[in-house]
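Chemist: Pasting input.pdb here (PDB, C-alpha atoms):
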```pdb
ATOM      1  CA  MET A   1     107.547-221.754-133.514
ATOM      2  CA  GLU A   2     110.837-220.474-132.160
ATOM      3  CA  TYR A   3     112.661-221.628-129.043
ATOM      4  CA  ARG A   4     114.708-219.881-126.381
ATOM      5  CA  TYR A   5     117.127-220.944-123.664
ATOM      6  CA  LEU A   6     115.685-220.885-120.165
ATOM      7  CA  GLY A   7     118.062-219.038-117.901
ATOM      8  CA  ASN A   8     121.773-219.753-117.962
ATOM      9  CA  SER A   9     121.264-223.346-119.069
ATOM     10  CA  GLY A  10     121.245-225.459-122.216
ATOM     11  CA  PHE A  11     117.509-226.112-121.788
ATOM     12  CA  LYS A  12     115.248-224.732-124.525
ATOM     13  CA  VAL A  13     111.534-223.944-124.324
ATOM     14  CA  SER A  14     109.033-222.845-126.958
ATOM     15  CA  GLU A  15     108.372-219.104-127.072
ATOM     16  CA  ILE A  16     104.731-219.946-126.335
ATOM     17  CA  THR A  17     104.034-222.089-123.288
ATOM     18  CA  TYR A  18     100.600-223.648-123.047
ATOM     19  CA  GLY A  19      99.175-223.064-119.553
ATOM     20  CA  ASN A  20      96.020-224.542-118.042
ATOM     21  CA  TRP A  21      95.195-222.307-115.095
ATOM     22  CA  LEU A  22      91.435-221.529-114.966
ATOM     23  CA  THR A  23      90.588-223.933-117.783
ATOM     24  CA  HIS A  24      91.421-227.620-117.463
ATOM     25  CA  GLY A  25      89.420-229.451-114.850
ATOM     26  CA  SER A  26      87.208-226.443-114.165
ATOM     27  CA  GLN A  27      86.004-224.135-116.949
ATOM     28  CA  VAL A  28      86.127-226.391-120.012
ATOM     29  CA  GLU A  29      85.214-230.017-120.621
ATOM     30  CA  ASN A  30      88.044-232.528-120.760
ATOM     31  CA  ASP A  31      87.555-233.298-124.458
ATOM     32  CA  ILE A  32      87.841-229.585-125.338
ATOM     33  CA  ALA A  33      90.913-229.291-123.126
ATOM     34  CA  THR A  34      92.484-232.190-124.984
ATOM     35  CA  GLN A  35      91.671-230.543-128.318
ATOM     36  CA  CYS A  36      93.390-227.354-127.110
ATOM     37  CA  VAL A  37      96.516-229.277-126.076
ATOM     38  CA  HIS A  38      96.631-231.060-129.432
ATOM     39  CA  ALA A  39      96.186-227.748-131.268
ATOM     40  CA  ALA A  40      99.152-226.382-129.322
ATOM     41  CA  LEU A  41     101.248-229.416-130.241
ATOM     42  CA  GLU A  42     100.331-229.095-133.914
ATOM     43  CA  ALA A  43     101.374-225.431-133.809
ATOM     44  CA  GLY A  44     104.831-226.337-132.509
ATOM     45  CA  VAL A  45     104.322-225.712-128.793
ATOM     46  CA  THR A  46     106.454-228.142-126.811
ATOM     47  CA  THR A  47     106.259-226.489-123.376
ATOM     48  CA  PHE A  48     103.293-227.079-121.045
ATOM     49  CA  ASP A  49     102.724-225.484-117.636
ATOM     50  CA  THR A  50     100.337-226.445-114.855
ATOM     51  CA  ALA A  51     100.226-226.583-111.042
ATOM     52  CA  ASP A  52      98.936-228.981-108.423
ATOM     53  CA  VAL A  53      96.544-226.337-107.069
ATOM     54  CA  TYR A  54      94.764-225.732-110.378
ATOM     55  CA  ALA A  55      91.262-227.187-110.004
ATOM     56  CA  ASN A  56      92.635-228.861-106.850
ATOM     57  CA  THR A  57      94.897-231.272-108.798
ATOM     58  CA  LYS A  58      92.428-232.000-111.641
ATOM     59  CA  ALA A  59      94.255-229.760-114.121
ATOM     60  CA  GLU A  60      97.409-231.855-113.839
ATOM     61  CA  GLN A  61      95.413-235.012-114.513
ATOM     62  CA  VAL A  62      93.722-233.508-117.573
ATOM     63  CA  LEU A  63      97.037-232.293-118.990
ATOM     64  CA  GLY A  64      98.693-235.648-118.360
ATOM     65  CA  ASP A  65      95.881-237.473-120.119
ATOM     66  CA  ALA A  66      95.997-235.047-123.083
ATOM     67  CA  LEU A  67      99.742-235.619-123.531
ATOM     68  CA  GLN A  68      99.567-239.399-123.420
ATOM     69  CA  GLY A  69     101.069-240.970-126.531
ATOM     70  CA  GLN A  70     103.447-238.063-127.161
ATOM     71  CA  ARG A  71     107.209-238.629-127.145
ATOM     72  CA  ARG A  72     108.159-237.566-123.612
ATOM     73  CA  GLU A  73     111.630-236.400-124.617
ATOM     74  CA  SER A  74     110.069-233.922-127.074
ATOM     75  CA  LEU A  75     108.067-232.155-124.355
ATOM     76  CA  GLU A  76     108.902-229.733-121.564
ATOM     77  CA  ILE A  77     106.418-230.239-118.717
ATOM     78  CA  PHE A  78     106.285-227.768-115.828
ATOM     79  CA  THR A  79     104.314-227.833-112.607
ATOM     80  CA  LYS A  80     104.323-226.033-109.257
ATOM     81  CA  VAL A  81     104.069-226.550-105.517
ATOM     82  CA  TYR A  82     103.034-224.349-102.575
ATOM     83  CA  ASN A  83      99.290-223.722-102.588
ATOM     84  CA  PRO A  84      96.796-225.876-100.659
ATOM     85  CA  THR A  85      95.738-229.182-102.201
ATOM     86  CA  GLY A  86      93.776-232.192-101.013
ATOM     87  CA  PRO A  87      91.796-231.835 -97.776
ATOM     88  CA  LYS A  88      93.921-228.787 -96.889
ATOM     89  CA  GLY A  89      95.385-230.159 -93.692
ATOM     90  CA  PRO A  90      98.257-228.503 -91.780
ATOM     91  CA  ASN A  91     100.914-229.906 -94.143
ATOM     92  CA  ASP A  92      98.921-229.678 -97.377
ATOM     93  CA  SER A  93     100.466-226.348 -98.389
ATOM     94  CA  GLY A  94     103.693-224.389 -98.208
ATOM     95  CA  LEU A  95     107.284-225.244 -99.062
ATOM     96  CA  SER A  96     108.201-227.541 -96.206
ATOM     97  CA  ARG A  97     110.214-230.637 -97.051
ATOM     98  CA  LYS A  98     107.205-232.794 -96.235
ATOM     99  CA  HIS A  99     104.838-230.948 -98.554
ATOM    100  CA  ILE A 100     107.342-230.667-101.419
ATOM    101  CA  MET A 101     108.324-234.357-101.300
ATOM    102  CA  GLU A 102     104.737-235.528-101.187
ATOM    103  CA  SER A 103     103.578-233.046-103.793
ATOM    104  CA  ILE A 104     106.146-233.993-106.430
ATOM    105  CA  ASN A 105     105.067-237.625-106.206
ATOM    106  CA  GLY A 106     101.417-236.680-106.601
ATOM    107  CA  SER A 107     102.153-234.416-109.543
ATOM    108  CA  LEU A 108     104.193-237.070-111.347
ATOM    109  CA  ARG A 109     101.429-239.612-110.846
ATOM    110  CA  ARG A 110      98.735-237.291-112.210
ATOM    111  CA  LEU A 111     100.880-236.134-115.137
ATOM    112  CA  GLY A 112     101.788-239.704-116.033
ATOM    113  CA  THR A 113     105.523-239.051-116.189
ATOM    114  CA  ASP A 114     108.656-240.062-114.283
ATOM    115  CA  TYR A 115     109.957-236.493-114.118
ATOM    116  CA  VAL A 116     109.061-232.875-114.789
ATOM    117  CA  ASP A 117     111.419-230.637-116.669
ATOM    118  CA  LEU A 118     110.819-227.664-114.352
ATOM    119  CA  TYR A 119     109.469-227.747-110.783
ATOM    120  CA  GLN A 120     108.463-224.318-109.487
ATOM    121  CA  ALA A 121     107.829-222.816-106.069
ATOM    122  CA  HIS A 122     104.438-221.211-106.703
ATOM    123  CA  ARG A 123     104.966-218.585-104.006
ATOM    124  CA  PHE A 124     107.568-217.705-101.390
ATOM    125  CA  ASP A 125     106.963-219.426 -98.057
ATOM    126  CA  TYR A 126     107.550-217.041 -95.160
ATOM    127  CA  GLU A 127     106.962-219.809 -92.593
ATOM    128  CA  THR A 128     109.568-222.318 -93.802
ATOM    129  CA  PRO A 129     113.336-221.728 -93.715
ATOM    130  CA  LEU A 130     114.556-221.133 -97.248
ATOM    131  CA  GLU A 131     117.399-223.606 -96.644
ATOM    132  CA  GLU A 132     114.854-226.378 -95.991
ATOM    133  CA  THR A 133     112.965-225.584 -99.181
ATOM    134  CA  MET A 134     116.054-225.458-101.353
ATOM    135  CA  GLN A 135     117.464-228.679 -99.873
ATOM    136  CA  ALA A 136     114.214-230.443-100.750
ATOM    137  CA  PHE A 137     114.464-229.138-104.311
ATOM    138  CA  ALA A 138     118.109-230.247-104.493
ATOM    139  CA  ASP A 139     117.122-233.761-103.430
ATOM    140  CA  ILE A 140     114.312-233.895-105.996
ATOM    141  CA  VAL A 141     116.774-232.942-108.732
ATOM    142  CA  ARG A 142     119.242-235.608-107.563
ATOM    143  CA  GLN A 143     116.457-238.193-107.518
ATOM    144  CA  GLY A 144     115.710-237.340-111.157
ATOM    145  CA  LYS A 145     112.142-236.236-110.436
ATOM    146  CA  ALA A 146     112.821-232.716-111.739
ATOM    147  CA  LEU A 147     115.529-231.520-114.091
ATOM    148  CA  TYR A 148     115.465-227.829-113.175
ATOM    149  CA  ILE A 149     113.958-225.615-110.480
ATOM    150  CA  GLY A 150     112.104-222.316-110.822
ATOM    151  CA  VAL A 151     110.016-219.947-108.751
ATOM    152  CA  SER A 152     106.865-217.922-109.361
ATOM    153  CA  GLU A 153     106.123-214.366-108.244
ATOM    154  CA  TRP A 154     109.178-214.091-105.992
ATOM    155  CA  ARG A 155     110.711-210.706-105.157
ATOM    156  CA  ALA A 156     114.190-209.832-106.341
ATOM    157  CA  ASP A 157     115.776-210.330-102.906
ATOM    158  CA  GLN A 158     114.102-213.719-102.528
ATOM    159  CA  ILE A 159     115.328-214.808-105.951
ATOM    160  CA  ARG A 160     118.863-213.727-105.074
ATOM    161  CA  ALA A 161     118.875-215.667-101.812
ATOM    162  CA  ALA A 162     117.458-218.805-103.443
ATOM    163  CA  HIS A 163     119.928-218.598-106.317
ATOM    164  CA  ALA A 164     122.864-218.452-103.903
ATOM    165  CA  LEU A 165     121.606-221.527-102.041
ATOM    166  CA  SER A 166     120.987-223.443-105.269
ATOM    167  CA  LYS A 167     124.617-222.912-106.292
ATOM    168  CA  GLU A 168     125.821-224.112-102.893
ATOM    169  CA  MET A 169     123.631-227.196-103.156
ATOM    170  CA  GLY A 170     124.658-228.056-106.700
ATOM    171  CA  PHE A 171     121.552-227.461-108.794
ATOM    172  CA  GLN A 172     120.236-224.737-111.092
ATOM    173  CA  LEU A 173     117.549-222.156-110.361
ATOM    174  CA  ILE A 174     116.760-220.983-113.882
ATOM    175  CA  SER A 175     113.369-219.274-114.000
ATOM    176  CA  ASN A 176     110.737-217.054-112.427
ATOM    177  CA  GLN A 177     107.077-217.019-113.443
ATOM    178  CA  PRO A 178     105.566-213.576-112.860
ATOM    179  CA  GLN A 179     102.616-211.696-114.271
ATOM    180  CA  TYR A 180     103.784-209.371-117.043
ATOM    181  CA  ASN A 181     101.996-207.465-119.777
ATOM    182  CA  MET A 182     101.628-203.954-121.203
ATOM    183  CA  LEU A 183      99.544-202.941-118.181
ATOM    184  CA  TRP A 184     101.400-204.803-115.402
ATOM    185  CA  ARG A 185     105.136-204.053-115.483
ATOM    186  CA  ILE A 186     106.106-204.570-111.864
ATOM    187  CA  ILE A 187     109.037-206.861-112.662
ATOM    188  CA  GLU A 188     110.866-204.258-114.739
ATOM    189  CA  ALA A 189     112.093-202.320-111.703
ATOM    190  CA  GLU A 190     113.929-204.983-109.690
ATOM    191  CA  VAL A 191     113.102-208.560-110.700
ATOM    192  CA  ILE A 192     114.330-208.360-114.293
ATOM    193  CA  PRO A 193     117.670-206.635-113.495
ATOM    194  CA  THR A 194     118.363-209.152-110.726
ATOM    195  CA  SER A 195     117.368-212.074-112.946
ATOM    196  CA  GLN A 196     119.579-210.888-115.788
ATOM    197  CA  GLU A 197     122.516-210.629-113.407
ATOM    198  CA  LEU A 198     121.945-214.150-112.077
ATOM    199  CA  GLY A 199     121.118-215.904-115.347
ATOM    200  CA  ILE A 200     117.414-216.441-114.646
ATOM    201  CA  SER A 201     114.655-216.098-117.257
ATOM    202  CA  GLN A 202     111.026-215.063-116.974
ATOM    203  CA  ILE A 203     108.149-217.280-118.086
ATOM    204  CA  VAL A 204     105.372-214.710-118.001
ATOM    205  CA  TRP A 205     101.705-215.290-117.366
ATOM    206  CA  SER A 206      98.758-213.104-118.362
ATOM    207  CA  PRO A 207     100.468-211.533-121.405
ATOM    208  CA  ILE A 208      97.054-210.366-122.647
ATOM    209  CA  ALA A 209      95.954-209.095-119.202
ATOM    210  CA  GLN A 210      93.200-211.657-118.679
ATOM    211  CA  GLY A 211      91.820-210.891-122.142
ATOM    212  CA  VAL A 212      91.673-207.101-121.756
ATOM    213  CA  LEU A 213      94.429-206.539-124.340
ATOM    214  CA  THR A 214      92.481-208.470-126.981
ATOM    215  CA  GLY A 215      90.243-205.410-127.294
ATOM    216  CA  LYS A 216      87.060-207.428-126.751
ATOM    217  CA  TYR A 217      85.903-205.199-123.881
ATOM    218  CA  LYS A 218      84.482-201.969-125.290
ATOM    219  CA  LYS A 219      83.622-198.751-123.480
ATOM    220  CA  GLY A 220      79.878-198.349-123.099
ATOM    221  CA  GLN A 221      79.107-201.877-124.288
ATOM    222  CA  ALA A 222      77.898-204.914-122.381
ATOM    223  CA  LEU A 223      80.527-207.436-121.334
ATOM    224  CA  PRO A 224      80.814-210.237-123.916
ATOM    225  CA  ALA A 225      78.861-213.323-122.884
ATOM    226  CA  GLY A 226      81.132-216.087-121.665
ATOM    227  CA  SER A 227      84.122-213.776-121.211
ATOM    228  CA  ARG A 228      86.323-213.860-118.143
ATOM    229  CA  ALA A 229      84.803-210.606-116.907
ATOM    230  CA  THR A 230      81.446-212.397-116.546
ATOM    231  CA  ASP A 231      82.871-215.449-114.774
ATOM    232  CA  GLU A 232      82.349-214.815-111.068
ATOM    233  CA  ALA A 233      83.923-218.161-110.186
ATOM    234  CA  GLY A 234      87.137-217.871-112.121
ATOM    235  CA  GLY A 235      88.365-214.498-113.208
ATOM    236  CA  ALA A 236      85.924-211.585-113.081
ATOM    237  CA  ARG A 237      87.769-210.002-110.174
ATOM    238  CA  ALA A 238      91.060-210.138-112.088
ATOM    239  CA  VAL A 239      89.591-208.293-115.060
ATOM    240  CA  GLN A 240      87.530-205.708-113.184
ATOM    241  CA  ARG A 241      90.411-203.329-112.467
ATOM    242  CA  TYR A 242      91.007-202.856-116.196
ATOM    243  CA  LEU A 243      87.422-202.069-117.240
ATOM    244  CA  SER A 244      87.463-198.350-116.491
ATOM    245  CA  ASP A 245      87.091-195.887-119.374
ATOM    246  CA  ASP A 246      90.763-194.848-119.155
ATOM    247  CA  TYR A 247      91.994-198.387-119.721
ATOM    248  CA  LEU A 248      89.449-199.234-122.400
ATOM    249  CA  ASP A 249      90.174-196.008-124.321
ATOM    250  CA  ALA A 250      93.906-196.732-124.287
ATOM    251  CA  VAL A 251      93.488-200.368-125.320
ATOM    252  CA  ALA A 252      91.275-199.272-128.230
ATOM    253  CA  GLN A 253      94.117-197.052-129.441
ATOM    254  CA  LEU A 254      96.324-200.142-129.808
ATOM    255  CA  GLU A 255      94.082-201.447-132.592
ATOM    256  CA  PRO A 256      95.702-199.425-135.421
ATOM    257  CA  ILE A 257      99.154-200.487-134.217
ATOM    258  CA  ALA A 258      98.149-204.146-134.467
ATOM    259  CA  ALA A 259      96.463-203.551-137.820
ATOM    260  CA  ASP A 260      99.591-201.918-139.267
ATOM    261  CA  LEU A 261     101.509-205.086-138.375
ATOM    262  CA  ASP A 262      98.753-207.413-139.621
ATOM    263  CA  LEU A 263      98.433-208.824-136.115
ATOM    264  CA  THR A 264      95.481-209.423-133.850
ATOM    265  CA  MET A 265      95.446-207.446-130.621
ATOM    266  CA  ALA A 266      96.292-210.611-128.675
ATOM    267  CA  GLN A 267      99.215-211.384-130.985
ATOM    268  CA  LEU A 268     100.549-207.846-130.501
ATOM    269  CA  ALA A 269     100.339-208.196-126.706
ATOM    270  CA  ILE A 270     102.140-211.544-126.741
ATOM    271  CA  ALA A 271     104.796-210.303-129.159
ATOM    272  CA  TRP A 272     105.305-207.300-126.874
ATOM    273  CA  VAL A 273     106.272-209.419-123.859
ATOM    274  CA  LEU A 274     108.469-211.614-126.056
ATOM    275  CA  SER A 275     110.326-208.524-127.263
ATOM    276  CA  HIS A 276     111.989-208.289-123.844
ATOM    277  CA  GLU A 277     115.205-210.303-123.799
ATOM    278  CA  ASN A 278     114.780-211.639-120.261
ATOM    279  CA  VAL A 279     111.446-213.221-121.214
ATOM    280  CA  ALA A 280     111.951-216.776-122.434
ATOM    281  CA  SER A 281     108.320-217.694-122.977
ATOM    282  CA  ALA A 282     104.780-216.340-122.752
ATOM    283  CA  LEU A 283     102.139-218.466-121.044
ATOM    284  CA  VAL A 284      98.978-218.711-123.112
ATOM    285  CA  GLY A 285      95.831-220.597-122.163
ATOM    286  CA  ALA A 286      92.797-221.463-124.244
ATOM    287  CA  SER A 287      89.210-222.552-123.844
ATOM    288  CA  ARG A 288      88.859-223.249-127.592
ATOM    289  CA  PRO A 289      91.436-224.710-130.018
ATOM    290  CA  GLU A 290      91.182-221.733-132.373
ATOM    291  CA  GLN A 291      92.388-219.416-129.589
ATOM    292  CA  ILE A 292      95.693-221.219-129.241
ATOM    293  CA  GLU A 293      96.040-221.569-133.026
ATOM    294  CA  SER A 294      95.777-217.790-133.381
ATOM    295  CA  ASN A 295      97.865-216.743-130.400
ATOM    296  CA  VAL A 296     100.746-219.060-131.247
ATOM    297  CA  GLN A 297     101.306-216.971-134.380
ATOM    298  CA  ALA A 298     102.865-214.299-132.138
ATOM    299  CA  ALA A 299     105.946-216.513-131.841
ATOM    300  CA  GLY A 300     108.796-215.200-133.949
ATOM    301  CA  VAL A 301     107.218-211.762-134.439
ATOM    302  CA  LYS A 302     109.847-209.025-134.069
ATOM    303  CA  LEU A 303     108.682-205.605-132.914
ATOM    304  CA  ASP A 304     111.029-202.769-133.791
ATOM    305  CA  ALA A 305     111.804-199.798-131.576
ATOM    306  CA  ASP A 306     109.241-197.577-133.296
ATOM    307  CA  VAL A 307     106.435-200.029-132.513
ATOM    308  CA  LEU A 308     107.533-200.395-128.907
ATOM    309  CA  ASN A 309     107.586-196.615-128.563
ATOM    310  CA  ARG A 310     104.086-196.341-130.048
ATOM    311  CA  VAL A 311     102.798-198.894-127.542
ATOM    312  CA  ASP A 312     104.402-197.011-124.670
ATOM    313  CA  GLU A 313     103.001-193.682-125.823
ATOM    314  CA  THR A 314      99.542-195.231-126.096
ATOM    315  CA  ILE A 315      99.271-197.257-122.916
ATOM    316  CA  GLY A 316     102.472-196.940-120.897
ATOM    317  CA  HIS A 317     101.133-194.147-118.672
ATOM    318  CA  LEU A 318      98.529-196.573-117.272
ATOM    319  CA  ALA A 319     100.951-199.401-116.510
ATOM    320  CA  GLU A 320     101.454-200.452-112.897
ATOM    321  CA  ARG A 321     105.159-200.305-112.081
ATOM    322  CA  ASP A 322     105.344-200.151-108.275
ATOM    323  CA  PRO A 323     107.778-202.917-107.138
ATOM    324  CA  ALA A 324     105.982-203.038-103.798
ATOM    325  CA  LYS A 325     103.238-204.863-105.699
ATOM    326  CA  THR A 326     105.500-207.645-106.954
ATOM    327  CA  VAL A 327     102.828-210.259-106.299
ATOM    328  CA  SER A 328      99.353-209.743-107.702
ATOM    329  CA  PRO A 329      97.153-211.768-105.313
ATOM    330  CA  GLU A 330      93.898-210.802-106.962
ATOM    331  CA  THR A 331      94.811-212.627-110.152
ATOM    332  CA  ARG A 332      96.335-215.880-108.896
ATOM    333  CA  PRO A 333      95.269-218.571-106.454
ATOM    334  CA  SER A 334      96.582-218.016-102.943
TER     335      SER A 334
END
```
Turn this file's structure into structure tokens for me.

Modeler:
Amino acid sequence: MEYRYLGNSGFKVSEITYGNWLTHGSQVENDIATQCVHAALEAGVTTFDTADVYANTKAEQVLGDALQGQRRESLEIFTKVYNPTGPKGPNDSGLSRKHIMESINGSLRRLGTDYVDLYQAHRFDYETPLEETMQAFADIVRQGKALYIGVSEWRADQIRAAHALSKEMGFQLISNQPQYNMLWRIIEAEVIPTSQELGISQIVWSPIAQGVLTGKYKKGQALPAGSRATDEAGGARAVQRYLSDDYLDAVAQLEPIAADLDLTMAQLAIAWVLSHENVASALVGASRPEQIESNVQAAGVKLDADVLNRVDETIGHLAERDPAKTVSPETRPS
């Protein structure tokens, strides 16, 4: 495992972050989830990402239980706030001071820790003044409940405004967590240039495009049993847009590129996002321990310019790049 600085800070994270969206507390049993977390730890992963909304708070509890007994100082634990939790009352969502202050306490309790290393605004809140949100984050940092602050799926202008306020209020905004992969490159147009200017890193989710870039979906063949594309409750809609013949033909053409490098398709996809200097870490989930054991091997892989050009020639023409689609609502909880 290799480690990278997160934003313009002295804080390091593992190149692979273990994430538990769509798995812990919902799709896999708790004992399997714990096995996946332990497999990640054994492979050198030290960074773990969750959110209060995942499985309506259950995912945080499962992750906290799985990490019990580990040296807290050797872990980087991330969570998020914004989406509805609990009974979904009028103050059970958003980035108001009330919701943020109550949510951090609930997250710490479920995770079994006194602090999180990174607390992230899961979405931008158009109904709450940004100054109120950032002041609440500043107070949480001063209280020692979070060491750093990040955002997720924010536009470039929103990141810039939040960064300016964080400096005024004396804390660091160091990360953004967007979707990013060979097929979804929205952040390249505006978010990455702005982030590089401001000293903010990306922690990217869906580096294998919900499993599409593993090559397991084949043109003219039935969807693999148990795959995300067959899961109507937790991901089929996210995968559907990539199951056309054009996408599947292009993904199939990545197979010889991966083979030449002695990589799996998933490892190639993860190494591809990590080849971009503004990306600090790639979020990888797992429903079986062997998945994380394999995907973690993408850490430290260096792709040269020729390989990156081959990938672009093969699949780049299909990539979504329109910055107007900064947020991808069909593939994240709202």

Chemist: For A:Ala40, which residue out of A:Ile16, A:Ala280, A:Ile140, A:Val251 is the nearest one, using all atoms listed in the file?

Modeler: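 Answer, going by the shortest atom-to-atom distance: A:Ile16.
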
Chemist: Just the number, please: distance in Å from atom CA of A:Tyr3 to atom CA of A:Gln297, one decimal.

Modeler: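 So the two atoms, atom CA of A:Tyr3 and atom CA of A:Gln297, lie 13.4 Å apart.
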
Chemist: Could you list, as a list in words, every residue within 12 Å of A:Ala305, counting all atoms listed in the file and ignoring same-chain residues fewer than 4 positions away?

Modeler: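 The residues that qualify are Trp272, Ser275, His276, Asn309, Arg310, Val311 and Asp312 of chain A.
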
Chemist: Do you know which residues are at most 7 Å from A:Trp154 counting only C-alpha atoms, after dropping those on the same chain fewer than 5 positions away, and could you put them as a ChimeraX atom specification?

Modeler: /A:123-124,159

Chemist: Give me the result of the PyMOL selection byres ((chain A and resi 307) around 12) on this file, residue by residue, as a ChimeraX atom specification.

Modeler: /A:254,256-261,268-269,271-272,275,301-306,308-314

Chemist: Taking 6 positions as the minimum chain separation for residues in the same chain, which residues sit within 10 Å of A:Met101 when counting all atoms listed in the file? Answer as a list of chain:residue names.

Modeler: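 After dropping sequence-adjacent residues, the list is A:Val81, A:Leu95, A:Ala136, A:Phe137, A:Asp139, A:Ile140.
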